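Accompanying notes for the structure given below.
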Amino acid sequence: MKKAIRTAIATISLVSVLGLSACGNSKSNTETKSLYVQGLEVVQLMTEITQTEEYINAVAPDNIKSIIQELADKDYSTPKAVYSVSASDKELAKIAELSGFDDIPNSLKPFILSKLYGALITRLNSLGGVDDIAVASLCTVGKTFVNENADGNVIYLYTYDNAVPVAVTFITGDDNSVSANGTFVMYDEFTCNSADEIKDFFNYIKVEATEVKPEK
């Protein structure tokens, strides 16, 4: 077990060094893409990562490679359903047991809350063990773009009939910038067949979940 944990930590650290993210600026586009579409593009990047043997061979131990290969063999082009998942500041604070959240300087709150959105998915994958955490971390992909219609932080959960879900976390920043990070949801007991199932699963905090219809 200790060896597995050390391996997971090592692979996750390597990913941090490599910085798997793609930066894009939609100001050059005449039409602003919806978060739905931007999320699909993140999922496509994640699919390409799983199929890039040079990268996987360089960073993943053998037991992790086999799991990533299973992801690579799946079709992520057309989701069965997509759900938006969000939570209030106070509910997110419960993840880190921040009882004194109101006392945190206002200048730091946006940064902390953005991290807690990511922690929501990390905590979910941790339920599956160190291998699930390692796979999710190695295959996480991000991009940055501009979207004047983005209204606050939110997670889009892309679900599929024959593949694991993908969570794309959108964090809004200055000048209408949005940072999107996509992560495979590896925990196989995660129930997400409806908005109500998603809300019920996150029973340790209250989340809002609604289905998002396909957008351009």
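Residue names in the structure tokens use chain letters A, B, ... in the order shown, residue numbers from 1 in each chain, and ligand numbers from 1 in the order shown.
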From the DSSP assignment of the backbone, select every residue of chain A that is alpha helix (DSSP H), and format the answer as a ChimeraX atom specification.
-> /A:2-18,35-50,53-59,62-72,89-93,109-126,130-138,195-201
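Each of A:Tyr187, A:Phe145, A:Tyr83, A:Phe170 was checked against Lys115 of chain A using only C-alpha atoms; the smallest atom-to-atom distance is that of A:Phe170.
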Using DSSP on the backbone coordinates, identify the residues of segment 67-190 of chain A assigned to strand (DSSP E); present them as a PyMOL selection string.
-> chain A and resi 81-86+141-146+154-159+166-172+177-184
With a distance cut-off of 12 Å and only C-alpha atoms, select the neighbouring residues of Val43 of chain A, excluding the residue or stretch itself and same-chain residues fewer than 2 positions from it, and output the selection as an MDAnalysis selection string.
-> chainID A and resid 36:41 45:50 71:72 74:79 139:143 156:160 164:169 180:184
Output for the residues just chosen: C-alpha atoms as a PDB file, in the first residue's frame:
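Writing done, so here's out_24.pdb:
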ATOM      1  CA  TYR A  36     -21.311  23.267 -23.060  1.00  0.00           C
ATOM      2  CA  VAL A  37     -19.206  23.339 -26.243  1.00  0.00           C
ATOM      3  CA  GLN A  38     -16.048  24.480 -24.469  1.00  0.00           C
ATOM      4  CA  GLY A  39     -16.476  21.535 -22.118  1.00  0.00           C
ATOM      5  CA  LEU A  40     -16.786  19.143 -25.039  1.00  0.00           C
ATOM      6  CA  GLU A  41     -13.513  20.495 -26.403  1.00  0.00           C
ATOM      7  CA  LEU A  45      -8.346  16.951 -25.343  1.00  0.00           C
ATOM      8  CA  MET A  46      -8.629  14.437 -22.524  1.00  0.00           C
ATOM      9  CA  THR A  47      -9.416  11.693 -25.035  1.00  0.00           C
ATOM     10  CA  GLU A  48      -6.315  12.630 -27.018  1.00  0.00           C
ATOM     11  CA  ILE A  49      -4.212  12.473 -23.864  1.00  0.00           C
ATOM     12  CA  THR A  50      -5.354   8.909 -23.119  1.00  0.00           C
ATOM     13  CA  LEU A  71     -10.438   5.035 -21.039  1.00  0.00           C
ATOM     14  CA  ALA A  72      -8.765   5.426 -24.434  1.00  0.00           C
ATOM     15  CA  LYS A  74     -14.207   4.563 -25.087  1.00  0.00           C
ATOM     16  CA  ASP A  75     -16.224   7.006 -27.191  1.00  0.00           C
ATOM     17  CA  TYR A  76     -16.603  10.427 -25.571  1.00  0.00           C
ATOM     18  CA  SER A  77     -17.889  12.296 -28.615  1.00  0.00           C
ATOM     19  CA  THR A  78     -21.597  12.325 -27.710  1.00  0.00           C
ATOM     20  CA  PRO A  79     -22.667  12.537 -24.052  1.00  0.00           C
ATOM     21  CA  CYS A 139      -5.403  12.690 -17.629  1.00  0.00           C
ATOM     22  CA  THR A 140      -6.561  16.074 -16.359  1.00  0.00           C
ATOM     23  CA  VAL A 141      -6.510  18.732 -19.083  1.00  0.00           C
ATOM     24  CA  GLY A 142      -7.257  22.450 -18.936  1.00  0.00           C
ATOM     25  CA  LYS A 143      -7.806  25.430 -21.190  1.00  0.00           C
ATOM     26  CA  TYR A 156     -20.432  20.526 -16.022  1.00  0.00           C
ATOM     27  CA  LEU A 157     -20.779  16.767 -15.632  1.00  0.00           C
ATOM     28  CA  TYR A 158     -20.725  14.917 -18.971  1.00  0.00           C
ATOM     29  CA  THR A 159     -22.222  11.428 -18.656  1.00  0.00           C
ATOM     30  CA  TYR A 160     -22.061   8.516 -21.105  1.00  0.00           C
ATOM     31  CA  VAL A 164     -16.984   6.990 -17.086  1.00  0.00           C
ATOM     32  CA  PRO A 165     -18.312  10.533 -16.542  1.00  0.00           C
ATOM     33  CA  VAL A 166     -16.165  13.593 -17.105  1.00  0.00           C
ATOM     34  CA  ALA A 167     -16.310  16.642 -14.833  1.00  0.00           C
ATOM     35  CA  VAL A 168     -15.296  19.964 -16.388  1.00  0.00           C
ATOM     36  CA  THR A 169     -14.846  22.680 -13.765  1.00  0.00           C
ATOM     37  CA  ALA A 180     -11.727  25.042 -17.559  1.00  0.00           C
ATOM     38  CA  ASN A 181     -10.265  21.820 -16.155  1.00  0.00           C
ATOM     39  CA  GLY A 182     -11.528  18.398 -17.150  1.00  0.00           C
ATOM     40  CA  THR A 183     -11.205  15.307 -14.964  1.00  0.00           C
ATOM     41  CA  PHE A 184     -12.407  11.750 -15.412  1.00  0.00           C
TER      42      PHE A 184
END
What separates atom CA of Leu113 of chain A and atom CA of Asp175 of chain A is a distance of 18.4 Å
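The list of residues with at least one atom within 10 Å of segment 31-33 of chain A, based on only C-alpha atoms and without residues fewer than 6 positions apart in the same chain, reads Gly39, Phe145, Val146, Asn147, Glu148, Asn149, Glu215 and Lys216 of chain A.
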Pick from A:Glu211, A:Glu54, A:Asp62, A:Asp89: nearest to Lys109 of chain A, with only C-alpha atoms counted?
->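 Selected residue with least distance to Lys109 of chain A: A:Asp89.
Of the listed residues (A:Val82, A:Ala60, A:Ala209, A:Ile171), A:Ala60 comes nearest to Ala134 of chain A; the distances count only C-alpha atoms.
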Set the distance at 10 Å and use only C-alpha atoms: which residues neighbour Phe190 of chain A once local chain neighbours fewer than 3 positions away are removed? I'd like the list as a PDB file with all heavy atoms, in the first residue's frame.
ATOM      1  N   LEU A 124     -14.232  13.067  -4.656  1.00  0.00           N
ATOM      2  CA  LEU A 124     -15.032  12.003  -5.251  1.00  0.00           C
ATOM      3  C   LEU A 124     -14.134  10.876  -5.756  1.00  0.00           C
ATOM      4  O   LEU A 124     -14.376   9.697  -5.488  1.00  0.00           O
ATOM      5  CB  LEU A 124     -15.868  12.589  -6.394  1.00  0.00           C
ATOM      6  CG  LEU A 124     -16.732  11.632  -7.215  1.00  0.00           C
ATOM      7  CD1 LEU A 124     -17.670  10.839  -6.318  1.00  0.00           C
ATOM      8  CD2 LEU A 124     -17.520  12.408  -8.254  1.00  0.00           C
ATOM      9  N   ASN A 125     -13.061  11.220  -6.475  1.00  0.00           N
ATOM     10  CA  ASN A 125     -12.154  10.195  -6.990  1.00  0.00           C
ATOM     11  C   ASN A 125     -11.386   9.487  -5.873  1.00  0.00           C
ATOM     12  O   ASN A 125     -11.010   8.324  -6.012  1.00  0.00           O
ATOM     13  CB  ASN A 125     -11.175  10.812  -7.982  1.00  0.00           C
ATOM     14  CG  ASN A 125     -11.769  10.939  -9.375  1.00  0.00           C
ATOM     15  OD1 ASN A 125     -12.518  10.081  -9.814  1.00  0.00           O
ATOM     16  ND2 ASN A 125     -11.435  12.016 -10.065  1.00  0.00           N
ATOM     17  N   LEU A 127     -12.489   8.345  -3.263  1.00  0.00           N
ATOM     18  CA  LEU A 127     -13.277   7.230  -2.749  1.00  0.00           C
ATOM     19  C   LEU A 127     -12.926   5.926  -3.447  1.00  0.00           C
ATOM     20  O   LEU A 127     -13.170   4.841  -2.913  1.00  0.00           O
ATOM     21  CB  LEU A 127     -14.778   7.523  -2.932  1.00  0.00           C
ATOM     22  CG  LEU A 127     -15.340   8.725  -2.170  1.00  0.00           C
ATOM     23  CD1 LEU A 127     -16.790   8.987  -2.572  1.00  0.00           C
ATOM     24  CD2 LEU A 127     -15.242   8.503  -0.670  1.00  0.00           C
ATOM     25  N   GLY A 128     -12.332   6.028  -4.633  1.00  0.00           N
ATOM     26  CA  GLY A 128     -11.958   4.832  -5.377  1.00  0.00           C
ATOM     27  C   GLY A 128     -10.551   4.349  -5.108  1.00  0.00           C
ATOM     28  O   GLY A 128     -10.158   3.285  -5.586  1.00  0.00           O
ATOM     29  N   VAL A 164     -16.898   6.290 -18.366  1.00  0.00           N
ATOM     30  CA  VAL A 164     -16.984   6.990 -17.086  1.00  0.00           C
ATOM     31  C   VAL A 164     -17.345   8.451 -17.331  1.00  0.00           C
ATOM     32  O   VAL A 164     -17.062   9.006 -18.397  1.00  0.00           O
ATOM     33  CB  VAL A 164     -15.666   6.896 -16.295  1.00  0.00           C
ATOM     34  CG1 VAL A 164     -15.280   5.445 -16.040  1.00  0.00           C
ATOM     35  CG2 VAL A 164     -14.544   7.638 -17.013  1.00  0.00           C
ATOM     36  N   PRO A 165     -17.977   9.109 -16.375  1.00  0.00           N
ATOM     37  CA  PRO A 165     -18.312  10.533 -16.542  1.00  0.00           C
ATOM     38  C   PRO A 165     -17.058  11.401 -16.576  1.00  0.00           C
ATOM     39  O   PRO A 165     -15.982  10.991 -16.138  1.00  0.00           O
ATOM     40  CB  PRO A 165     -19.157  10.839 -15.291  1.00  0.00           C
ATOM     41  CG  PRO A 165     -19.543   9.518 -14.721  1.00  0.00           C
ATOM     42  CD  PRO A 165     -18.461   8.564 -15.095  1.00  0.00           C
ATOM     43  N   VAL A 185     -14.159  11.085 -13.878  1.00  0.00           N
ATOM     44  CA  VAL A 185     -14.711  10.667 -12.589  1.00  0.00           C
ATOM     45  C   VAL A 185     -14.588   9.149 -12.524  1.00  0.00           C
ATOM     46  O   VAL A 185     -15.375   8.411 -13.116  1.00  0.00           O
ATOM     47  CB  VAL A 185     -16.178  11.108 -12.435  1.00  0.00           C
ATOM     48  CG1 VAL A 185     -16.716  10.671 -11.066  1.00  0.00           C
ATOM     49  CG2 VAL A 185     -16.297  12.616 -12.590  1.00  0.00           C
ATOM     50  N   MET A 186     -13.583   8.688 -11.796  1.00  0.00           N
ATOM     51  CA  MET A 186     -13.215   7.276 -11.819  1.00  0.00           C
ATOM     52  C   MET A 186     -13.989   6.412 -10.831  1.00  0.00           C
ATOM     53  O   MET A 186     -14.041   5.186 -10.977  1.00  0.00           O
ATOM     54  CB  MET A 186     -11.713   7.143 -11.543  1.00  0.00           C
ATOM     55  CG  MET A 186     -10.825   7.884 -12.536  1.00  0.00           C
ATOM     56  SD  MET A 186     -11.017   7.277 -14.219  1.00  0.00           S
ATOM     57  CE  MET A 186     -10.506   5.566 -14.025  1.00  0.00           C
ATOM     58  N   TYR A 187     -14.556   7.013  -9.806  1.00  0.00           N
ATOM     59  CA  TYR A 187     -15.238   6.234  -8.764  1.00  0.00           C
ATOM     60  C   TYR A 187     -16.466   5.559  -9.364  1.00  0.00           C
ATOM     61  O   TYR A 187     -17.426   6.216  -9.769  1.00  0.00           O
ATOM     62  CB  TYR A 187     -15.629   7.149  -7.620  1.00  0.00           C
ATOM     63  CG  TYR A 187     -16.265   6.438  -6.442  1.00  0.00           C
ATOM     64  CD1 TYR A 187     -15.682   5.313  -5.876  1.00  0.00           C
ATOM     65  CD2 TYR A 187     -17.460   6.897  -5.886  1.00  0.00           C
ATOM     66  CE1 TYR A 187     -16.259   4.660  -4.797  1.00  0.00           C
ATOM     67  CE2 TYR A 187     -18.038   6.263  -4.804  1.00  0.00           C
ATOM     68  CZ  TYR A 187     -17.430   5.139  -4.268  1.00  0.00           C
ATOM     69  OH  TYR A 187     -18.013   4.501  -3.193  1.00  0.00           O
ATOM     70  N   ASN A 193     -27.315   9.420 -12.953  1.00  0.00           N
ATOM     71  CA  ASN A 193     -28.293   9.199 -14.020  1.00  0.00           C
ATOM     72  C   ASN A 193     -29.378  10.265 -14.065  1.00  0.00           C
ATOM     73  O   ASN A 193     -30.213  10.260 -14.969  1.00  0.00           O
ATOM     74  CB  ASN A 193     -28.940   7.819 -13.872  1.00  0.00           C
ATOM     75  CG  ASN A 193     -27.952   6.702 -14.130  1.00  0.00           C
ATOM     76  OD1 ASN A 193     -27.234   6.714 -15.124  1.00  0.00           O
ATOM     77  ND2 ASN A 193     -27.904   5.732 -13.226  1.00  0.00           N
ATOM     78  N   GLU A 197     -30.179  12.277  -8.563  1.00  0.00           N
ATOM     79  CA  GLU A 197     -29.170  11.321  -8.102  1.00  0.00           C
ATOM     80  C   GLU A 197     -27.869  12.025  -7.740  1.00  0.00           C
ATOM     81  O   GLU A 197     -27.217  11.672  -6.759  1.00  0.00           O
ATOM     82  CB  GLU A 197     -28.901  10.268  -9.182  1.00  0.00           C
ATOM     83  CG  GLU A 197     -29.903   9.150  -9.232  1.00  0.00           C
ATOM     84  CD  GLU A 197     -29.452   7.986 -10.082  1.00  0.00           C
ATOM     85  OE1 GLU A 197     -28.334   8.038 -10.629  1.00  0.00           O
ATOM     86  OE2 GLU A 197     -30.219   7.009 -10.174  1.00  0.00           O
ATOM     87  N   ILE A 198     -27.507  13.019  -8.534  1.00  0.00           N
ATOM     88  CA  ILE A 198     -26.273  13.761  -8.260  1.00  0.00           C
ATOM     89  C   ILE A 198     -26.384  14.511  -6.938  1.00  0.00           C
ATOM     90  O   ILE A 198     -25.477  14.478  -6.105  1.00  0.00           O
ATOM     91  CB  ILE A 198     -25.967  14.731  -9.417  1.00  0.00           C
ATOM     92  CG1 ILE A 198     -25.664  13.945 -10.693  1.00  0.00           C
ATOM     93  CG2 ILE A 198     -24.798  15.646  -9.063  1.00  0.00           C
ATOM     94  CD1 ILE A 198     -25.604  14.789 -11.940  1.00  0.00           C
ATOM     95  N   PHE A 201     -26.142  12.100  -4.056  1.00  0.00           N
ATOM     96  CA  PHE A 201     -24.814  11.526  -3.820  1.00  0.00           C
ATOM     97  C   PHE A 201     -23.948  12.460  -2.988  1.00  0.00           C
ATOM     98  O   PHE A 201     -23.251  12.021  -2.073  1.00  0.00           O
ATOM     99  CB  PHE A 201     -24.121  11.219  -5.144  1.00  0.00           C
ATOM    100  CG  PHE A 201     -22.825  10.490  -4.971  1.00  0.00           C
ATOM    101  CD1 PHE A 201     -22.794   9.107  -4.918  1.00  0.00           C
ATOM    102  CD2 PHE A 201     -21.626  11.184  -4.831  1.00  0.00           C
ATOM    103  CE1 PHE A 201     -21.599   8.426  -4.724  1.00  0.00           C
ATOM    104  CE2 PHE A 201     -20.433  10.517  -4.645  1.00  0.00           C
ATOM    105  CZ  PHE A 201     -20.422   9.140  -4.592  1.00  0.00           C
ATOM    106  N   PHE A 202     -23.996  13.750  -3.296  1.00  0.00           N
ATOM    107  CA  PHE A 202     -23.211  14.719  -2.535  1.00  0.00           C
ATOM    108  C   PHE A 202     -23.974  15.107  -1.269  1.00  0.00           C
ATOM    109  O   PHE A 202     -24.323  16.266  -1.057  1.00  0.00           O
ATOM    110  CB  PHE A 202     -22.926  15.964  -3.384  1.00  0.00           C
ATOM    111  CG  PHE A 202     -21.964  15.718  -4.510  1.00  0.00           C
ATOM    112  CD1 PHE A 202     -22.421  15.587  -5.806  1.00  0.00           C
ATOM    113  CD2 PHE A 202     -20.601  15.607  -4.271  1.00  0.00           C
ATOM    114  CE1 PHE A 202     -21.539  15.364  -6.855  1.00  0.00           C
ATOM    115  CE2 PHE A 202     -19.709  15.388  -5.305  1.00  0.00           C
ATOM    116  CZ  PHE A 202     -20.179  15.261  -6.608  1.00  0.00           C
TER     117      PHE A 202
END
Nearby residues (only C-alpha atoms) at most 12 Å from Ile112 of chain A, same-chain spacing under 4 positions excluded, as a CSV table (one decimal) with N, CA and C atoms, in the first residue's frame:
chain,number,residue,atom,x,y,z
A,89,ASP,N,-21.1,29.3,-1.4
A,89,ASP,CA,-19.8,29.5,-0.8
A,89,ASP,C,-19.7,28.7,0.5
A,90,LYS,N,-20.8,28.9,1.3
A,90,LYS,CA,-20.8,28.2,2.6
A,90,LYS,C,-20.8,26.7,2.5
A,92,LEU,N,-19.5,25.0,0.0
A,92,LEU,CA,-18.2,24.6,-0.4
A,92,LEU,C,-17.2,24.6,0.7
A,93,ALA,N,-17.3,25.6,1.6
A,93,ALA,CA,-16.4,25.7,2.8
A,93,ALA,C,-16.5,24.4,3.6
A,95,ILE,N,-16.3,21.4,2.7
A,95,ILE,CA,-15.4,20.4,2.2
A,95,ILE,C,-14.1,20.5,2.9
A,96,ALA,N,-13.6,21.7,3.2
A,96,ALA,CA,-12.4,21.8,3.9
A,96,ALA,C,-12.6,22.1,5.4
A,98,LEU,N,-14.0,24.6,6.8
A,98,LEU,CA,-13.7,26.0,7.1
A,98,LEU,C,-14.8,26.7,7.9
A,101,PHE,N,-15.1,30.7,7.6
A,101,PHE,CA,-14.9,31.2,6.2
A,101,PHE,C,-15.3,32.7,6.1
A,104,ILE,N,-12.3,35.0,6.5
A,104,ILE,CA,-11.2,35.0,5.6
A,104,ILE,C,-11.3,36.3,4.8
A,105,PRO,N,-10.1,36.9,4.5
A,105,PRO,CA,-10.1,38.2,3.7
A,105,PRO,C,-10.8,38.0,2.4
A,106,ASN,N,-11.6,39.0,2.0
A,106,ASN,CA,-12.4,39.0,0.8
A,106,ASN,C,-11.5,38.8,-0.4
A,107,SER,N,-10.2,39.3,-0.3
A,107,SER,CA,-9.3,39.2,-1.5
A,107,SER,C,-8.9,37.7,-1.7
A,108,LEU,N,-9.0,36.9,-0.7
A,108,LEU,CA,-8.6,35.5,-0.8
A,108,LEU,C,-9.8,34.5,-1.1
A,116,LEU,N,-11.7,24.9,-4.0
A,116,LEU,CA,-12.7,23.9,-3.4
A,116,LEU,C,-13.6,23.3,-4.5
A,117,TYR,N,-13.9,24.0,-5.5
A,117,TYR,CA,-14.6,23.4,-6.6
A,117,TYR,C,-13.8,22.2,-7.2
A,118,GLY,N,-12.5,22.4,-7.4
A,118,GLY,CA,-11.7,21.2,-7.8
A,118,GLY,C,-11.6,20.1,-6.8
A,119,ALA,N,-11.6,20.5,-5.5
A,119,ALA,CA,-11.5,19.5,-4.4
A,119,ALA,C,-12.8,18.7,-4.4
A,171,ILE,N,-14.0,28.0,-13.9
A,171,ILE,CA,-13.7,29.0,-12.9
A,171,ILE,C,-13.6,30.3,-13.6
